[in-house]
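> Can you keep this structure in mind? I'll have questions shortly.
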Amino acid sequence: MNKFLAYLRTDTFRKNLIIAIVSIIVFLLVIFFSLRFYTRHGEGQPVPKLKGMQVDEAIELLESQGFNYQVDSVFQVGKAPGLVIEQDPDVNTNVKANRTIYLTVITKNAPEVGFPNIFEMTFLEARAVLSNYGIKIGDTSYTSDIVRDRVLEASLKGRSISAGQQVAKGSVISLVLGDGKGASEVDLPDLAGSTLSEATFALKGSSLGVGMVTYEGEISDTTGARVIRQYPSVDSLSKVSIGSKVDLILSNGTPVK
């Protein structure tokens with residue numbers, strides 16, 4: 001132990017220690033400046049603002065400034081196709097030449113989804129379902145139906161859509177809804193050959209009424225007289241409004257349409 005302590009006090013030890021310290025310092029300086037040169041510390045250029053640009057314009061700008069790029073696409077309802085919505089690194093970030101800039105853009109081709117079965121749903125239910133599928137509602141119209149706002153038909157660009165049919169996300173469809181008033185028109189029955197009582201019964205069953213009743217020719221038995229003409233006739237109208245009156249002409253002769 002005494003020899004070791006004595007050695008620490010010798011000139012040889014001091015020289016070796018100084019050499020070792022200097023060697024370490026030189027080594028660290030070489031590494032530091034080598035890394036500084038290799039990474040070109042402090043050098044670079046700011047990333048331009050790309051968010052909000054069309055992807056073609058953004059790519060042209062990146063190429064002109066020597067950047068590489070990578071594009072990823074997503075779909076968002078209501079956003080213009082080709083629009084840059086995200087960039088990485090952010091604007092004004094100082095990066096080196098040839099750095100890859102990552103862009104997220106709105107896809108130009110909307111993905112397709114199976115049209116959901118919204119028929120017989122209420123309008124509010126259908127709207128919620130369609131929203132989940134990324135489908136918009138455009139025009140709505142009403143037709144006779146006993147249930148108010150019940151979805152009866154759906155169409156896209158004038159063409160009827162059925163459940164399961166493939167449609168693009170973001171599509172705007174039209175709906176036909178029930179008006180809650182029921183049918184406003186009914187089929188006009190053909191009363192030719194019916195007696196007055198039979199015709200009256202048939203008209204009541206169709207929510208219609210008997211209008212003017214006249215007889216033609218010699219009538220020997222009014223109860224046996226049969227309808228030979230009616231107004232309106234089934235040849236002129238197939239449907240009439242509920243509650244309409246039908247005029248009858250009866251005879252003991254042969255019915256005429």
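Ordering of the structure tokens sets the chain letters (A, B, ...), residue numbers begin anew at 1 in every chain, and ligands are numbered from 1 in the order given.
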Give me, as JSON, numbers by chain, all polymer residues having an atom no more than 10 Å from segment 98-113 of chain A, counting only C-alpha atoms and skipping those fewer than 5 positions away in the same chain.
{"A": [44, 45, 47, 50, 51, 52, 53, 54, 55, 58, 59, 62, 63, 65, 66, 67, 68, 69, 70, 71, 72, 73, 74, 75, 76, 77, 79, 80, 81, 82, 83, 84, 85, 86, 87, 88, 89, 90, 133, 134, 135, 164, 165, 166, 167, 168, 169, 170, 171]}
> Excluding Gly205 of chain A and any residue of its chain fewer than 2 positions from it, enumerate the residues within 12 Å of it, using only C-alpha atoms, and give them as a CSV table (one decimal) with all heavy atoms, in the first residue's frame.

chain,number,residue,atom,x,y,z
A,186,VAL,N,-109.4,6.4,-53.6
A,186,VAL,CA,-109.7,5.0,-53.6
A,186,VAL,C,-110.1,4.6,-55.0
A,186,VAL,O,-110.4,5.4,-55.9
A,186,VAL,CB,-110.9,4.7,-52.6
A,186,VAL,CG1,-110.5,5.0,-51.2
A,186,VAL,CG2,-112.1,5.6,-53.0
A,187,ASP,N,-110.0,3.3,-55.2
A,187,ASP,CA,-110.4,2.7,-56.5
A,187,ASP,C,-111.9,2.9,-56.7
A,187,ASP,O,-112.7,2.7,-55.8
A,187,ASP,CB,-110.1,1.2,-56.6
A,187,ASP,CG,-108.6,1.0,-56.6
A,187,ASP,OD1,-107.8,1.8,-57.1
A,187,ASP,OD2,-108.2,-0.1,-56.0
A,188,LEU,N,-112.2,3.3,-58.0
A,188,LEU,CA,-113.6,3.4,-58.3
A,188,LEU,C,-114.2,2.1,-58.7
A,188,LEU,O,-113.7,1.5,-59.7
A,188,LEU,CB,-113.7,4.4,-59.5
A,188,LEU,CG,-115.1,4.7,-60.1
A,188,LEU,CD1,-116.0,5.3,-59.0
A,188,LEU,CD2,-115.0,5.5,-61.3
A,189,PRO,N,-115.2,1.6,-58.0
A,189,PRO,CA,-115.8,0.3,-58.3
A,189,PRO,C,-116.6,0.3,-59.6
A,189,PRO,O,-117.2,1.4,-60.0
A,189,PRO,CB,-116.7,0.0,-57.1
A,189,PRO,CG,-117.0,1.3,-56.6
A,189,PRO,CD,-115.9,2.2,-56.8
A,198,GLU,N,-127.2,-3.0,-54.1
A,198,GLU,CA,-125.9,-3.6,-54.2
A,198,GLU,C,-124.9,-2.4,-54.5
A,198,GLU,O,-123.8,-2.4,-54.0
A,198,GLU,CB,-125.9,-4.6,-55.4
A,198,GLU,CG,-126.7,-5.9,-55.0
A,198,GLU,CD,-126.8,-6.8,-56.2
A,198,GLU,OE1,-126.6,-6.3,-57.4
A,198,GLU,OE2,-127.1,-8.0,-56.0
A,199,ALA,N,-125.3,-1.5,-55.4
A,199,ALA,CA,-124.4,-0.4,-55.7
A,199,ALA,C,-124.1,0.5,-54.5
A,199,ALA,O,-123.0,0.9,-54.3
A,199,ALA,CB,-125.0,0.4,-56.9
A,200,THR,N,-125.2,0.7,-53.7
A,200,THR,CA,-125.0,1.5,-52.5
A,200,THR,C,-124.1,0.9,-51.5
A,200,THR,O,-123.2,1.5,-51.0
A,200,THR,CB,-126.4,1.8,-51.8
A,200,THR,OG1,-127.3,2.4,-52.8
A,200,THR,CG2,-126.3,2.6,-50.6
A,201,PHE,N,-124.2,-0.4,-51.4
A,201,PHE,CA,-123.3,-1.2,-50.5
A,201,PHE,C,-121.9,-1.1,-50.9
A,201,PHE,O,-121.0,-0.9,-50.1
A,201,PHE,CB,-123.8,-2.6,-50.4
A,201,PHE,CG,-123.0,-3.5,-49.4
A,201,PHE,CD1,-123.2,-3.4,-48.1
A,201,PHE,CD2,-122.0,-4.3,-49.9
A,201,PHE,CE1,-122.5,-4.2,-47.2
A,201,PHE,CE2,-121.3,-5.1,-49.1
A,201,PHE,CZ,-121.5,-5.0,-47.7
A,202,ALA,N,-121.7,-1.3,-52.2
A,202,ALA,CA,-120.3,-1.3,-52.8
A,202,ALA,C,-119.7,0.1,-52.6
A,202,ALA,O,-118.5,0.2,-52.3
A,202,ALA,CB,-120.4,-1.7,-54.3
A,203,LEU,N,-120.5,1.1,-52.9
A,203,LEU,CA,-119.9,2.5,-52.7
A,203,LEU,C,-119.6,2.8,-51.3
A,203,LEU,O,-118.5,3.4,-51.0
A,203,LEU,CB,-120.9,3.5,-53.3
A,203,LEU,CG,-121.1,3.5,-54.8
A,203,LEU,CD1,-122.3,4.4,-55.2
A,203,LEU,CD2,-119.8,3.9,-55.5
A,207,SER,N,-115.8,3.9,-49.3
A,207,SER,CA,-115.8,5.2,-48.7
A,207,SER,C,-116.3,6.2,-49.7
A,207,SER,O,-115.9,7.4,-49.8
A,207,SER,CB,-114.4,5.6,-48.2
A,207,SER,OG,-114.0,4.7,-47.2
A,208,LEU,N,-117.3,5.8,-50.6
A,208,LEU,CA,-117.9,6.7,-51.6
A,208,LEU,C,-119.4,6.8,-51.3
A,208,LEU,O,-119.9,6.0,-50.4
A,208,LEU,CB,-117.7,6.2,-53.0
A,208,LEU,CG,-116.2,6.1,-53.4
A,208,LEU,CD1,-116.0,5.4,-54.7
A,208,LEU,CD2,-115.5,7.4,-53.4
A,209,GLY,N,-120.1,7.7,-52.0
A,209,GLY,CA,-121.5,7.8,-51.7
A,209,GLY,C,-122.3,7.8,-53.0
A,209,GLY,O,-121.7,7.9,-54.1
A,210,VAL,N,-123.6,7.6,-52.9
A,210,VAL,CA,-124.5,7.6,-54.1
A,210,VAL,C,-124.9,9.0,-54.4
A,210,VAL,O,-125.3,9.7,-53.5
A,210,VAL,CB,-125.7,6.7,-53.8
A,210,VAL,CG1,-126.7,6.7,-55.0
A,210,VAL,CG2,-125.3,5.3,-53.5
A,242,ILE,N,-111.8,10.2,-51.7
A,242,ILE,CA,-112.7,9.6,-50.7
A,242,ILE,C,-113.9,10.5,-50.5
A,242,ILE,O,-113.7,11.8,-50.4
A,242,ILE,CB,-111.9,9.4,-49.3
A,242,ILE,CG1,-110.9,8.3,-49.5
A,242,ILE,CG2,-112.8,9.1,-48.2
A,242,ILE,CD1,-110.0,8.0,-48.3
A,243,GLY,N,-115.1,9.9,-50.4
A,243,GLY,CA,-116.3,10.7,-50.1
A,243,GLY,C,-116.9,11.2,-51.4
A,243,GLY,O,-118.0,11.9,-51.3
> Can you work out the spacing between atom CA of Val151 of chain A and atom CA of Ser238 of chain A in Å, to one decimal?
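Spanning atom CA of Val151 of chain A to atom CA of Ser238 of chain A is a straight-line distance of 26.2 Å.
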> What is the atom CA of Ala128 of chain A-atom CA of Val172 of chain A distance in Å, reported with one decimal?
14.3 Å
> Among the residues of segment 57-227 of chain A, find those DSSP assigns to helix (DSSP H, G or I) from the backbone and print them as a count of residues only.
31
